[in-house]
file query25.txt (compact mmCIF, C-alpha atoms)
# COMPACT_ATOMS: atom_id res chain seq x y z
CA MET A 1 60.29 104.89 112.50
CA GLU A 2 62.97 103.12 110.39
CA ALA A 3 62.55 99.91 112.40
CA LEU A 4 58.75 100.18 111.97
CA ILE A 5 59.09 100.56 108.17
CA ARG A 6 61.49 97.64 108.03
CA ASN A 7 59.31 95.33 110.12
CA GLN A 8 55.91 96.09 108.57
CA LEU A 9 56.90 96.39 104.92
CA GLY A 10 60.00 94.19 104.88
CA VAL A 11 61.94 96.93 103.11
CA LEU A 12 65.53 97.58 104.09
CA HIS A 13 66.51 101.25 104.30
CA PRO A 14 70.10 101.78 103.06
CA ILE A 15 72.27 104.20 105.04
CA PHE A 16 75.89 105.33 104.88
CA ARG A 17 78.47 107.48 106.64
CA ILE A 18 81.08 109.70 104.97
CA VAL A 19 84.02 110.99 107.00
CA MET A 20 86.53 113.60 105.75
CA ALA A 21 89.37 115.10 107.79
CA GLY A 22 88.18 113.11 110.81
CA ARG A 23 84.69 114.67 110.69
CA ASN A 24 81.44 112.87 109.91
CA ILE A 25 79.95 115.01 107.10
CA THR A 26 77.02 112.74 106.25
CA ALA A 27 74.34 115.05 107.68
CA ASP A 28 75.91 118.06 105.95
CA LEU A 29 75.87 116.32 102.53
CA SER A 30 72.53 114.50 102.80
CA PRO A 31 70.23 117.40 101.75
CA TYR A 32 72.23 117.77 98.51
CA LEU A 33 73.04 114.15 97.80
CA LEU A 34 71.84 112.65 94.53
CA SER A 35 73.69 109.32 94.75
CA VAL A 36 76.58 107.45 96.30
CA SER A 37 78.09 104.61 94.30
CA TYR A 38 80.66 102.25 95.81
CA THR A 39 82.28 99.59 93.61
CA ASP A 40 84.29 96.80 95.24
CA PHE A 41 86.31 95.11 92.50
CA VAL A 42 87.37 91.53 93.22
CA GLU A 43 90.79 91.98 91.61
CA GLY A 44 92.66 93.86 88.94
CA GLU A 45 91.14 97.27 89.67
CA ALA A 46 91.05 99.60 92.64
CA ASP A 47 87.76 100.04 94.49
CA THR A 48 85.95 103.29 93.67
CA LEU A 49 83.55 105.70 95.33
CA ASP A 50 81.47 108.28 93.43
CA ILE A 51 79.47 110.95 95.26
CA ARG A 52 77.00 113.08 93.23
CA MET A 53 75.49 116.20 94.80
CA GLU A 54 73.24 118.94 93.46
CA ASP A 55 74.87 122.34 93.79
CA ALA A 56 72.39 124.88 92.42
CA GLU A 57 73.21 127.25 95.31
CA GLY A 58 76.99 126.94 94.84
CA LYS A 59 77.60 125.67 98.38
CA PHE A 60 80.36 123.30 97.24
CA ARG A 61 82.38 125.92 95.36
CA GLY A 62 83.84 127.72 98.36
CA SER A 63 85.45 126.40 101.52
CA TRP A 64 83.46 123.15 101.16
CA TYR A 65 85.16 122.32 97.88
CA PRO A 66 87.37 119.27 98.50
CA ASP A 67 90.87 118.97 97.06
CA LYS A 68 92.24 116.21 94.87
CA GLY A 69 94.08 113.84 97.18
CA ASP A 70 91.81 114.42 100.20
CA VAL A 71 90.88 111.16 101.94
CA VAL A 72 87.26 110.05 102.38
CA HIS A 73 86.24 107.17 104.66
CA PHE A 74 83.05 105.39 103.61
CA HIS A 75 80.74 103.13 105.66
CA PHE A 76 77.51 101.57 104.39
CA GLY A 77 74.70 99.26 105.46
CA TYR A 78 71.04 99.24 106.43
CA ALA A 79 69.13 101.08 109.15
CA GLY A 80 69.14 99.07 112.35
CA ASP A 81 72.30 97.09 111.44
CA ASP A 82 75.99 97.78 111.99
CA LEU A 83 77.63 99.68 109.14
CA GLN A 84 80.36 98.01 107.09
CA TYR A 85 83.60 99.92 106.55
CA ALA A 86 84.35 100.07 102.82
CA GLY A 87 87.71 101.72 103.36
CA ALA A 88 89.63 104.92 102.76
CA PHE A 89 89.38 106.56 99.35
CA GLU A 90 91.54 109.30 97.87
CA ILE A 91 89.73 111.93 95.80
CA ASP A 92 90.95 111.46 92.24
CA GLU A 93 88.71 113.86 90.29
CA ILE A 94 86.08 116.47 90.96
CA GLU A 95 83.76 117.30 88.08
CA GLY A 96 80.98 119.78 87.56
CA GLU A 97 77.94 118.94 85.44
CA GLY A 98 74.90 120.86 84.51
CA PRO A 99 72.63 122.54 84.25
CA PRO A 100 71.33 121.86 86.80
CA ASP A 101 74.58 122.22 88.72
CA VAL A 102 75.93 118.90 89.97
CA ILE A 103 79.26 118.15 91.64
CA VAL A 104 80.70 114.65 91.16
CA ILE A 105 83.48 113.52 93.47
CA ARG A 106 85.30 110.43 92.21
CA ALA A 107 87.58 108.67 94.64
CA ILE A 108 89.78 105.59 94.41
CA ALA A 109 91.02 103.22 97.12
CA ALA A 110 93.59 105.24 99.07
CA GLY A 111 96.33 102.60 98.96
CA VAL A 112 96.52 102.76 95.18
CA LYS A 113 98.75 105.66 94.13
CA HIS A 114 98.74 107.38 90.73
CA PRO A 115 101.76 105.53 89.22
CA GLN A 116 100.21 102.18 90.21
CA ARG A 117 96.95 102.92 88.41
CA THR A 118 98.42 104.56 85.30
CA ARG A 119 97.78 102.44 82.24
CA GLN A 120 100.90 101.73 80.20
CA GLY A 121 101.77 100.45 76.76
CA LYS A 122 105.17 98.76 76.71
CA ALA A 123 106.88 95.86 74.96
CA TYR A 124 109.53 93.63 76.54
CA GLU A 125 111.73 91.49 74.27
CA ASN A 126 114.44 88.87 74.82
CA THR A 127 114.42 89.15 78.58
CA THR A 128 113.29 87.21 81.65
CA LEU A 129 110.28 87.41 83.91
CA ALA A 130 112.57 88.48 86.77
CA ALA A 131 114.01 91.36 84.70
CA ILE A 132 110.52 92.59 83.78
CA ALA A 133 109.35 92.37 87.39
CA GLN A 134 112.44 94.29 88.54
CA ARG A 135 111.83 97.08 85.99
CA VAL A 136 108.18 97.39 87.02
CA ALA A 137 109.08 97.38 90.73
CA ARG A 138 111.66 100.15 90.20
CA ARG A 139 109.16 102.22 88.20
CA LEU A 140 106.62 101.94 91.04
CA LYS A 141 109.26 102.46 93.75
CA LEU A 142 108.50 99.00 95.17
CA GLN A 143 110.85 96.31 96.35
CA LEU A 144 110.74 92.88 94.75
CA VAL A 145 110.55 90.11 97.36
CA GLY A 146 111.04 86.38 96.81
CA LYS A 147 112.62 84.28 94.11
CA ILE A 148 111.44 84.31 90.52
CA GLU A 149 112.24 81.32 88.37
CA PRO A 150 114.50 82.10 85.36
CA ILE A 151 111.67 82.08 82.83
CA LYS A 152 112.77 83.42 79.45
CA ILE A 153 110.43 85.82 77.69
CA ARG A 154 110.80 86.21 73.96
CA ARG A 155 108.21 88.96 73.73
CA VAL A 156 105.37 90.20 75.88
CA THR A 157 103.38 93.41 75.46
CA GLN A 158 101.67 95.42 78.13
CA ILE A 159 98.66 96.85 76.31
CA HIS A 160 96.84 99.64 78.14
CA GLU A 161 97.10 97.94 81.54
CA ASN A 162 98.38 99.28 84.82
CA ASP A 163 101.69 97.73 85.92
CA LEU A 164 100.30 95.59 88.74
CA THR A 165 97.57 94.08 86.56
CA PHE A 166 100.17 93.38 83.86
CA MET A 167 102.45 91.59 86.33

call {"tool": "encode", "arguments": {"input": "query25.txt", "output": "structure tokens"}}
result
Amino acid sequence: MEALIRNQLGVLHPIFRIVMAGRNITADLSPYLLSVSYTDFVEGEADTLDIRMEDAEGKFRGSWYPDKGDVVHFHFGYAGDDLQYAGAFEIDEIEGEGPPDVIVIRAIAAGVKHPQRTRQGKAYENTTLAAIAQRVARRLKLQLVGKIEPIKIRRVTQIHENDLTFM
């Protein structure tokens, strides 16, 4: 039927797959799904995934309720085509809205941990680029690799940016 709709009307039918804990839960969520929103940022921000579901019956308040930190794998595309893998996302927040009762699951690209996405306000004075980079790397528990030219910094301010964007 999907191929017939696509061929006769020229309309593409969007589809997706959501996998949690190694289990495809798409069919389980579909009757309650209000929207799925995937944002692929080019740079400077982590990709995001928002899943909105109606929950008037309270189905997502018991054993179905996900935990912050759970990993969600998301695939998307159109009926009749191969799905594209958007990646793994770590649940960052779970919100309730209503009435009517709605559950919103917000997830962020799994490789981006909380300290890396925390926005900071910090000033650096009379230092070097290498010293700033070393301080940021230590704060994020990363290792600095390569050589940084001895560029003197009189003053630079990190204003409400995460550390990696600032660098």

call {"tool": "residues_around", "arguments": {"input": "query25.txt", "residues": "stretch 89-103 of chain A", "least_positions_apart": "5", "cutoff": "7 Å", "atoms": "all atoms listed in the file", "output": "list in words"}}
result
Arg52, Met53, Glu54, Asp55, Ala56, Lys68, Gly69, Asp70, Val71, Val72, His73, Ile108, Ala109 and Ala110 of chain A

call {"tool": "atom_distance", "arguments": {"input": "query25.txt", "atom1": "atom CA of A:Thr128", "atom2": "atom CA of A:Val156"}}
result
10.2 Å

call {"tool": "residues_near_point", "arguments": {"input": "query25.txt", "point": "(76.3, 104.7, 104.2)", "cutoff": "6 Å", "atoms": "all atoms listed in the file", "output": "list in words"}}
result
Ile15, Phe16, Arg17, His75, Phe76 and Gly77 of chain A

call {"tool": "atom_distance", "arguments": {"input": "query25.txt", "atom1": "atom CA of A:Val11", "atom2": "atom CA of A:Ala79"}}
result
10.3 Å

call {"tool": "residues_around", "arguments": {"input": "query25.txt", "residues": "A:Val36", "least_positions_apart": "3", "cutoff": "8 Å", "atoms": "all atoms listed in the file", "output": "compact mmCIF listing (two decimals) with C-alpha atoms, in the coordinates of the input"}}
result
# COMPACT_ATOMS: atom_id res chain seq x y z
CA LEU A 33 73.04 114.15 97.80
CA LEU A 49 83.55 105.70 95.33
CA ASP A 50 81.47 108.28 93.43
CA ILE A 51 79.47 110.95 95.26
CA ARG A 52 77.00 113.08 93.23

call {"tool": "closest_residue", "arguments": {"input": "query25.txt", "among": "A:Val19, A:Ala137, A:Ile132, A:Ala86", "to": "A:Ser37", "atoms": "only C-alpha atoms"}}
result
A:Ala86

call {"tool": "atom_distance", "arguments": {"input": "query25.txt", "atom1": "atom CA of A:Arg155", "atom2": "atom CA of A:Ala46"}}
result
27.7 Å

call {"tool": "closest_residue", "arguments": {"input": "query25.txt", "among": "A:Thr48, A:Tyr38, A:Met20, A:Asn126", "to": "A:Tyr65", "atoms": "all atoms listed in the file"}}
result
A:Met20

call {"tool": "closest_residue", "arguments": {"input": "query25.txt", "among": "A:Val136, A:Ala88, A:Ile159, A:Ile148", "to": "A:Lys122", "atoms": "all atoms listed in the file"}}
result
A:Ile159

call {"tool": "closest_residue", "arguments": {"input": "query25.txt", "among": "A:Lys59, A:Asp81, A:Arg106, A:Thr165", "to": "A:Ser35", "atoms": "all atoms listed in the file"}}
result
A:Arg106
